[in-house]
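Text of input-v2.tsv (TSV, C-alpha atoms) as supplied:
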chain	number	residue	atom	x	y	z
A	1213	MET	CA	-43.78	83.63	11.90
A	1214	ILE	CA	-45.51	85.00	14.97
A	1215	ASP	CA	-42.65	83.76	17.15
A	1216	PHE	CA	-40.15	85.45	14.93
A	1217	LEU	CA	-42.01	88.76	15.04
A	1218	LYS	CA	-42.49	88.45	18.78
A	1219	SER	CA	-38.81	87.98	19.51
A	1220	TRP	CA	-37.84	90.70	17.07
A	1221	ILE	CA	-40.15	93.28	18.63
A	1222	LEU	CA	-39.14	92.21	22.10
A	1223	ASN	CA	-35.50	92.74	21.21
A	1224	ILE	CA	-36.09	96.20	19.86
A	1225	VAL	CA	-38.28	97.31	22.74
A	1226	THR	CA	-35.86	96.05	25.39
A	1227	LEU	CA	-32.94	97.72	23.72
A	1228	VAL	CA	-34.75	101.03	23.33
A	1229	LEU	CA	-35.73	100.98	26.99
A	1230	PHE	CA	-32.22	100.12	27.98
A	1231	ILE	CA	-30.77	102.95	25.93
A	1232	ALA	CA	-33.31	105.43	27.32
A	1233	PHE	CA	-32.32	104.37	30.81
A	1234	LEU	CA	-28.64	104.75	30.03
A	1235	GLU	CA	-29.21	108.23	28.73
A	1236	ILE	CA	-30.61	109.21	32.09
A	1237	LEU	CA	-27.60	107.69	33.79
A	1238	LEU	CA	-25.10	109.45	31.61
A	1239	PRO	CA	-23.45	112.48	33.21
A	1240	SER	CA	-24.35	115.76	31.62
A	1241	GLY	CA	-21.24	116.23	29.60
A	1242	LYS	CA	-19.90	116.21	26.11
A	1243	ILE	CA	-19.80	112.45	25.97
A	1244	LYS	CA	-23.56	112.10	25.54
A	1245	LYS	CA	-23.42	112.34	21.77
A	1246	TYR	CA	-20.93	109.50	21.60
A	1247	LEU	CA	-23.29	107.26	23.52
A	1248	ASN	CA	-26.07	108.31	21.15
A	1249	LEU	CA	-23.95	107.31	18.19
A	1250	VAL	CA	-23.06	103.91	19.57
A	1251	SER	CA	-26.57	103.17	20.77
A	1252	GLY	CA	-27.88	104.14	17.34
A	1253	PHE	CA	-25.53	101.64	15.70
A	1254	ILE	CA	-26.59	98.90	18.07
A	1255	LEU	CA	-30.24	99.67	17.45
A	1256	ILE	CA	-29.75	99.46	13.68
A	1257	ILE	CA	-27.95	96.15	14.06
A	1258	THR	CA	-30.78	94.79	16.19
A	1259	VAL	CA	-33.36	95.93	13.68
A	1260	ILE	CA	-31.72	94.40	10.63
A	1261	ASN	CA	-30.39	91.33	12.39
A	1262	PRO	CA	-33.31	88.99	11.52
A	1263	PHE	CA	-33.04	89.82	7.81
A	1264	ILE	CA	-29.50	88.51	7.68
A	1265	ALA	CA	-30.80	85.08	8.48
A	1266	LEU	CA	-33.18	85.33	5.52
A	1267	ILE	CA	-30.47	86.34	3.05
A	1268	SER	CA	-27.61	84.12	4.07
A	1269	SER	CA	-27.63	81.75	6.95
A	1270	ASP	CA	-23.89	81.55	7.52
A	1271	LEU	CA	-23.53	85.25	8.26
A	1272	GLU	CA	-22.72	85.97	11.89
A	1273	ILE	CA	-22.58	89.62	12.87
A	1274	LYS	CA	-20.66	88.75	15.97
A	1275	ASP	CA	-17.80	87.48	13.82
A	1276	PHE	CA	-17.40	90.89	12.24
A	1277	GLN	CA	-17.40	92.55	15.60
A	1278	ILE	CA	-14.83	90.17	17.02
A	1279	ALA	CA	-12.70	90.58	13.91
A	1280	GLY	CA	-12.88	94.36	14.23
A	1281	SER	CA	-11.97	94.45	17.88
A	1282	ASN	CA	-9.23	91.88	17.29
A	1283	PHE	CA	-7.76	94.06	14.60
A	1284	LEU	CA	-7.81	97.09	16.88
A	1285	ASP	CA	-6.26	95.18	19.77
A	1286	LYS	CA	-3.57	93.79	17.52
A	1287	ARG	CA	-2.63	97.20	16.19
A	1288	GLU	CA	-2.61	98.69	19.66
A	1289	ILE	CA	-0.34	95.96	20.99
A	1290	GLU	CA	1.94	96.39	17.99
A	1291	GLU	CA	2.24	100.11	18.64
A	1292	LYS	CA	2.90	99.55	22.31
A	1293	SER	CA	5.41	96.83	21.63
A	1294	LYS	CA	7.32	99.08	19.27
A	1295	ILE	CA	7.81	101.53	22.10
A	1296	LEU	CA	8.74	98.83	24.54
A	1297	GLU	CA	10.90	96.82	22.17
A	1298	GLU	CA	14.06	98.84	22.57
A	1299	GLN	CA	13.81	98.81	26.33
A	1300	GLN	CA	12.96	95.16	26.42
A	1301	ILE	CA	15.86	94.17	24.22
A	1302	ARG	CA	18.25	96.07	26.41
A	1303	GLN	CA	16.92	94.23	29.43
A	1304	ILE	CA	17.09	90.91	27.63
A	1305	ILE	CA	20.71	91.55	26.70
A	1306	LYS	CA	21.54	92.42	30.27
A	1307	VAL	CA	19.97	89.28	31.67
A	1308	TYR	CA	21.46	87.12	28.92
A	1309	ARG	CA	24.91	88.56	29.46
A	1310	ASN	CA	24.76	88.04	33.22
A	1311	LYS	CA	23.61	84.47	32.76
A	1312	ILE	CA	26.41	83.67	30.36
A	1313	ILE	CA	28.96	85.27	32.66
A	1314	VAL	CA	27.72	83.28	35.65
A	1315	GLN	CA	27.71	80.09	33.62
A	1316	LEU	CA	31.21	80.68	32.32
A	1317	GLU	CA	32.52	81.42	35.78
A	1318	GLU	CA	30.95	78.30	37.23
A	1319	ARG	CA	32.17	76.08	34.43
A	1320	VAL	CA	35.70	77.46	34.51
A	1321	LYS	CA	35.85	77.05	38.27
A	1322	ASP	CA	35.09	73.36	37.78
A	1323	ILE	CA	38.30	72.88	35.84
A	1324	ASP	CA	41.17	71.45	37.87
A	1325	GLY	CA	43.75	74.00	38.82
A	1326	VAL	CA	41.40	76.96	38.86
A	1327	SER	CA	40.49	78.33	42.23
A	1328	ASP	CA	38.65	81.44	41.21
A	1329	ALA	CA	37.44	82.91	37.96
A	1330	ARG	CA	35.89	86.13	36.79
A	1331	ALA	CA	34.44	86.51	33.33
A	1332	ASP	CA	33.49	89.37	31.08
A	1333	ILE	CA	31.97	89.11	27.63
A	1334	ILE	CA	31.12	91.26	24.67
A	1335	ILE	CA	27.85	90.47	22.93
A	1336	ASN	CA	26.52	91.47	19.56
A	1337	GLU	CA	23.83	93.94	20.65
A	1338	ASP	CA	22.52	94.89	17.23
A	1339	TYR	CA	19.11	93.25	17.21
A	1340	ASN	CA	18.60	93.78	13.51
A	1341	SER	CA	21.48	91.54	12.55
A	1342	ASP	CA	21.21	87.78	12.20
A	1343	GLU	CA	23.94	87.23	14.72
A	1344	PHE	CA	22.12	89.06	17.51
A	1345	GLY	CA	23.15	87.71	20.88
A	1346	GLN	CA	26.29	86.04	19.64
A	1347	VAL	CA	29.23	86.26	22.00
A	1348	LYS	CA	32.00	88.17	20.29
A	1349	ARG	CA	34.72	88.06	22.86
A	1350	VAL	CA	35.35	86.43	26.21
A	1351	TYR	CA	37.68	87.75	28.85
A	1352	LEU	CA	38.58	85.46	31.71
A	1353	TYR	CA	40.53	86.36	34.80
A	1354	ILE	CA	41.64	83.23	36.52
A	1355	LYS	CA	43.33	82.47	39.79
A	1356	THR	CA	45.25	79.22	39.76
A	1357	SER	CA	45.43	76.98	42.76
A	1358	THR	CA	48.55	74.98	43.55
A	1359	GLU	CA	46.91	72.18	45.47
A	1360	SER	CA	44.83	70.88	42.66
A	1361	SER	CA	47.77	70.46	40.30
A	1362	GLY	CA	48.61	67.23	42.06
A	1363	ILE	CA	51.27	66.42	44.59
A	1364	THR	CA	54.15	68.85	44.47
A	1365	PRO	CA	57.26	67.00	43.52
A	1366	ILE	CA	59.77	66.64	46.33
A	1367	GLU	CA	62.93	68.47	45.62
A	1368	LYS	CA	65.99	66.29	45.70
A	1369	ILE	CA	68.56	67.40	48.16
A	1370	GLU	CA	72.12	66.52	47.47
A	1371	LYS	CA	74.15	64.94	50.11
A	1372	ILE	CA	75.90	67.65	52.06
A	1373	ASP	CA	79.44	66.79	52.77
A	1374	LEU	CA	80.37	68.62	55.87
A	1375	SER	CA	83.80	67.32	55.97
A	1376	SER	CA	84.64	68.71	52.60
A	1377	PRO	CA	87.01	71.67	52.69
A	1378	GLN	CA	85.80	73.23	49.42
A	1379	THR	CA	82.89	75.14	50.90
A	1380	ASP	CA	83.06	77.98	48.38
A	1381	GLN	CA	82.65	75.71	45.43
A	1382	LYS	CA	79.78	73.96	47.12
A	1383	ASN	CA	78.10	77.25	47.73
A	1384	GLU	CA	78.43	78.15	44.10
A	1385	ASP	CA	77.06	74.79	43.17
A	1386	GLY	CA	74.12	75.29	45.45
A	1387	ASP	CA	73.39	78.67	43.91
A	1388	SER	CA	73.45	77.28	40.45
A	1389	TYR	CA	71.21	74.46	41.53
A	1390	ARG	CA	68.79	76.89	43.03
A	1391	GLU	CA	68.75	78.93	39.88
A	1392	GLU	CA	68.14	75.83	37.86
A	1393	ALA	CA	65.29	74.85	40.12
A	1394	GLY	CA	63.76	78.31	39.73
A	1395	GLU	CA	63.92	78.13	35.97
A	1396	ASP	CA	62.50	74.66	36.13
A	1397	SER	CA	59.48	75.73	38.18
A	1398	GLU	CA	58.87	78.67	35.89
A	1399	LYS	CA	58.93	76.33	32.93
A	1400	LYS	CA	56.60	73.99	34.77
A	1401	ASP	CA	54.26	76.88	35.51
A	1402	GLU	CA	54.24	77.82	31.87
A	1403	VAL	CA	53.46	74.27	30.90
A	1404	ILE	CA	50.68	74.16	33.45
A	1405	ASP	CA	49.42	77.52	32.27
A	1406	THR	CA	49.36	76.63	28.63
A	1407	GLY	CA	47.73	73.32	29.42
A	1408	LEU	CA	45.23	75.02	31.62
A	1409	LYS	CA	44.57	77.70	29.06
A	1410	LYS	CA	44.00	75.08	26.42
A	1411	ARG	CA	41.56	73.23	28.62
A	1412	ILE	CA	39.75	76.41	29.54
A	1413	LYS	CA	39.57	77.53	25.94
A	1414	GLU	CA	38.14	74.21	24.88
A	1415	LYS	CA	35.54	74.36	27.58
A	1416	VAL	CA	34.60	77.96	26.82
A	1417	LYS	CA	34.43	77.12	23.15
A	1418	LYS	CA	31.98	74.38	23.93
A	1419	ILE	CA	29.81	76.64	26.05
A	1420	VAL	CA	29.52	79.77	23.94
A	1421	ASP	CA	30.60	78.62	20.46
A	1422	ILE	CA	33.29	81.16	19.81
A	1423	ASP	CA	36.60	81.22	17.98
A	1424	GLU	CA	39.57	80.43	20.21
A	1425	ASP	CA	41.34	83.64	19.20
A	1426	ASN	CA	38.56	85.63	20.81
A	1427	ILE	CA	39.04	84.07	24.20
A	1428	VAL	CA	41.41	86.12	26.29
A	1429	ILE	CA	42.67	84.48	29.47
A	1430	ASN	CA	44.57	86.32	32.12
A	1431	ILE	CA	46.07	84.27	34.89
A	1432	GLU	CA	46.44	86.02	38.18
A	1433	LYS	CA	48.63	84.57	40.88
B	347	MET	CA	-32.87	108.87	53.21
B	348	ASP	CA	-29.68	108.38	51.30
B	349	ILE	CA	-30.09	111.68	49.62
B	350	LEU	CA	-30.06	113.38	53.04
B	351	GLN	CA	-26.78	111.68	53.91
B	352	ILE	CA	-25.20	112.64	50.66
B	353	VAL	CA	-26.38	116.21	50.69
B	354	GLY	CA	-25.31	116.60	54.32
B	355	LEU	CA	-21.88	115.27	53.55
B	356	CYS	CA	-21.54	117.52	50.53
B	357	LEU	CA	-22.67	120.61	52.44
B	358	VAL	CA	-20.22	119.94	55.26
B	359	ALA	CA	-17.46	119.40	52.72
B	360	THR	CA	-18.38	122.61	50.94
B	361	VAL	CA	-18.25	124.64	54.14
B	362	ILE	CA	-14.90	123.15	55.09
B	363	ILE	CA	-13.55	123.83	51.63
B	364	ILE	CA	-14.68	127.44	51.69
B	365	VAL	CA	-13.10	127.96	55.12
B	366	LEU	CA	-9.86	126.28	54.09
B	367	LYS	CA	-9.56	127.78	50.64
B	368	SER	CA	-8.09	131.08	51.75
B	369	TYR	CA	-5.51	129.44	54.03
B	370	ARG	CA	-4.63	126.12	52.43
B	371	PRO	CA	-6.03	125.81	48.90
B	372	GLU	CA	-4.15	122.53	48.25
B	373	ILE	CA	-5.98	120.76	51.10
B	374	ALA	CA	-9.31	122.18	49.91
B	375	ILE	CA	-8.84	120.36	46.59
B	376	GLN	CA	-8.05	117.12	48.35
B	377	ILE	CA	-11.22	117.40	50.40
B	378	SER	CA	-13.27	117.92	47.29
B	379	ILE	CA	-11.73	114.84	45.66
B	380	VAL	CA	-12.39	112.69	48.72
B	381	THR	CA	-15.98	113.93	48.94
B	382	GLY	CA	-16.56	113.03	45.32
B	383	ILE	CA	-15.21	109.52	45.83
B	384	VAL	CA	-17.29	108.97	48.97
B	385	VAL	CA	-20.48	110.10	47.25
B	386	PHE	CA	-19.70	107.85	44.31
B	387	PHE	CA	-19.25	104.85	46.58
B	388	LEU	CA	-22.51	105.63	48.39
B	389	VAL	CA	-24.47	105.38	45.16
B	390	VAL	CA	-22.47	102.75	43.34
B	391	ALA	CA	-24.09	99.85	45.23
B	392	LYS	CA	-27.57	100.94	44.14
B	393	LEU	CA	-26.37	101.43	40.61
B	394	THR	CA	-24.88	97.94	40.40
B	395	ALA	CA	-28.16	96.41	41.51
B	396	VAL	CA	-30.10	98.29	38.85
B	397	ILE	CA	-27.61	97.46	36.13
B	398	ASP	CA	-27.61	93.77	37.07
B	399	LEU	CA	-31.38	93.75	36.76
B	400	LEU	CA	-31.22	95.42	33.36
B	401	LYS	CA	-28.60	92.94	32.20
B	402	GLU	CA	-30.81	90.06	33.19
B	403	LEU	CA	-33.67	91.64	31.28
B	404	THR	CA	-31.64	92.05	28.12
B	405	SER	CA	-30.32	88.51	28.35
B	406	ARG	CA	-33.92	87.27	28.48
B	407	ALA	CA	-34.68	89.27	25.34
B	408	ASN	CA	-31.76	87.49	23.64
B	409	ILE	CA	-29.89	90.65	22.73
B	410	ASP	CA	-26.20	90.09	22.26
B	411	MET	CA	-24.59	90.79	25.62
B	412	SER	CA	-21.44	92.19	24.06
B	413	TYR	CA	-23.37	95.22	22.80
B	414	VAL	CA	-24.90	95.85	26.19
B	415	ASN	CA	-21.48	95.51	27.75
B	416	ILE	CA	-20.07	98.08	25.36
B	417	LEU	CA	-22.82	100.52	26.27
B	418	LEU	CA	-22.16	100.01	29.97
B	419	LYS	CA	-18.46	100.45	29.46
B	420	ILE	CA	-19.12	103.75	27.73
B	421	ILE	CA	-21.22	104.86	30.69
B	422	GLY	CA	-18.45	103.92	33.10
B	423	ILE	CA	-15.80	105.71	31.08
B	424	ALA	CA	-18.01	108.78	30.85
B	425	TYR	CA	-18.53	108.85	34.60
B	426	ILE	CA	-14.90	108.42	35.53
B	427	ALA	CA	-13.70	110.93	32.96
B	428	GLU	CA	-16.32	113.45	34.02
B	429	PHE	CA	-15.30	113.06	37.65
B	430	GLY	CA	-11.63	113.59	36.89
B	431	ALA	CA	-12.30	116.49	34.56
B	432	GLU	CA	-14.50	118.24	37.13
B	433	VAL	CA	-11.83	117.87	39.81
B	434	CYS	CA	-9.25	119.34	37.45
B	435	ARG	CA	-11.56	122.16	36.49
B	436	ASP	CA	-12.22	122.98	40.15
B	437	ALA	CA	-8.50	123.21	40.72
B	438	GLY	CA	-8.27	125.66	37.84
B	439	GLU	CA	-6.54	123.29	35.41
B	440	THR	CA	-8.90	123.57	32.47
B	441	SER	CA	-6.39	122.27	29.96
B	442	ILE	CA	-5.81	119.04	31.86
B	443	ALA	CA	-9.56	118.62	32.18
B	444	SER	CA	-9.94	118.87	28.42
B	445	LYS	CA	-7.15	116.29	28.02
B	446	ILE	CA	-9.10	113.88	30.20
B	447	GLU	CA	-12.16	114.42	28.06
B	448	LEU	CA	-10.12	113.85	24.94
B	449	ALA	CA	-8.80	110.57	26.31
B	450	ALA	CA	-12.31	109.46	27.22
B	451	LYS	CA	-13.55	110.28	23.73
B	452	VAL	CA	-10.71	108.34	22.12
B	453	ILE	CA	-11.38	105.28	24.27
B	454	ILE	CA	-15.10	105.43	23.53
B	455	VAL	CA	-14.41	105.68	19.81
B	456	VAL	CA	-12.11	102.67	20.03
B	457	LEU	CA	-14.97	100.78	21.69
B	458	ALA	CA	-17.44	101.97	19.07
B	459	VAL	CA	-15.37	101.24	15.97
B	460	PRO	CA	-15.91	97.44	15.97
B	461	ILE	CA	-19.68	97.96	16.07
B	462	MET	CA	-19.48	100.46	13.24
B	463	THR	CA	-17.33	98.22	11.08
B	464	SER	CA	-19.55	95.22	11.72
B	465	LEU	CA	-22.61	97.22	10.73
B	466	LEU	CA	-20.88	98.39	7.58
B	467	GLU	CA	-19.76	94.86	6.74
B	468	LEU	CA	-23.26	93.60	7.32
B	469	ILE	CA	-24.76	96.15	4.95
B	470	ILE	CA	-22.16	95.34	2.30
B	471	ARG	CA	-22.91	91.63	2.58
B	472	ILE	CA	-26.67	92.11	2.43
B	473	MET	CA	-26.47	94.13	-0.77
B	474	PRO	CA	-26.64	91.89	-3.84

structure tokens encoding of this file:
Amino acid sequence: MIDFLKSWILNIVTLVLFIAFLEILLPSGKIKKYLNLVSGFILIITVINPFIALISSDLEIKDFQIAGSNFLDKREIEEKSKILEEQQIRQIIKVYRNKIIVQLEERVKDIDGVSDARADIIINEDYNSDEFGQVKRVYLYIKTSTESSGITPIEKIEKIDLSSPQTDQKNEDGDSYREEAGEDSEKKDEVIDTGLKKRIKEKVKKIVDIDEDNIVINIEK
Amino acid sequence: MDILQIVGLCLVATVIIIVLKSYRPEIAIQISIVTGIVVFFLVVAKLTAVIDLLKELTSRANIDMSYVNILLKIIGIAYIAEFGAEVCRDAGETSIASKIELAAKVIIVVLAVPIMTSLLELIIRIMP
């Protein structure tokens, strides 16, 4: 009992001395009354603290204090985050978009027959919707390379008969052949392009999970 | 002897400020700010020693250190706010000075609210 009283009185006396000292330290302003208020609270808590132990042993005053300050901190962070949220989301979208674009470009460049690629995407920027961040549309600008499409087939050259007197006809024949060859290469290009486009679309589909109709590929030569 | 240093510094600063005020008032304000900071740093070492001693004393008396820390925080906030407000008031910006005081009060109240709520909770629990 004596020990209990001793520690109790010691607590109160130390705290009172401490508060008196702080009041000297405090600048002579309007803030003095606030310190008085807080120090009064602390003094009351110190005075009634031993009685808590008598009434219920599991009561910890520190828990209340921590809970209170936690609550305040939480609310403050919530308020701050509300202000920052918009800005943050815009930044997130920007970074996300750049990353996807870089990834797409790298992946598309890996495909055979593509020498250079530029990408542009449209993203769902409405952060309230469930599909926030989904890629809506992909635009790809691709440069094809001729080397990677394999060995270019050697054109067959017909035997030129120099001795033949019908040079005009030959010339005509040659023209027609040339035209045919041109058409052929165009067709071949188309085939290559469609094949390439299909491959690119499949790859893009795998990367960003998007409908094939929303992938727009422009081939630049 | 420290008080002589500080008073000497402050007197020199005051004379300079008075001389400069009619020609370059903006530099006069800067000198007053710098003087305030220098004086603060001259005394802050002594203050830390005293406060450390007091902290040790309270820890021996098994008072919860968080309360003592809150009181010290309030003192610090009061000092800084008072310093800023005085500088503003010297420069003639009374309204900004009162804004600083307002901010200091709000921060002190935020520090004080957990203590108040815990006291209230305690009283509610104690009552049958």

Extract, using all atoms listed in the file, all DNA, RNA and protein residues at most 10 Å from Val455 (chain B), discarding same-chain residues fewer than 6 positions from it, and format them as a list in words.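 The residues satisfying every condition are Tyr1246, Leu1247, Leu1249 and Val1250 of chain A; Ile420, Ala449 and Met462 of chain B.
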
Computed interatomic separation between CA of Lys367 (chain B) and CA of Gly430 (chain B) (Å): 19.9 Å

Two-atom distance - CA of Lys1218 (chain A), CA of Phe1263 (chain A) (Å): 14.5 Å

Please determine the contact residues of chain A with respect to chain B at a cut-off of 6 Å, counting all atoms listed in the file, and supply them as a list in words.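 That gives the following set of residues: Asn1223, Val1250, Phe1276, Gln1277, Gly1280 and Ser1281 of chain A.
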
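Computed from the coordinates, the CA of Gly1325 (chain A) to CA of Leu1408 (chain A) distance equals 7.4 Å.
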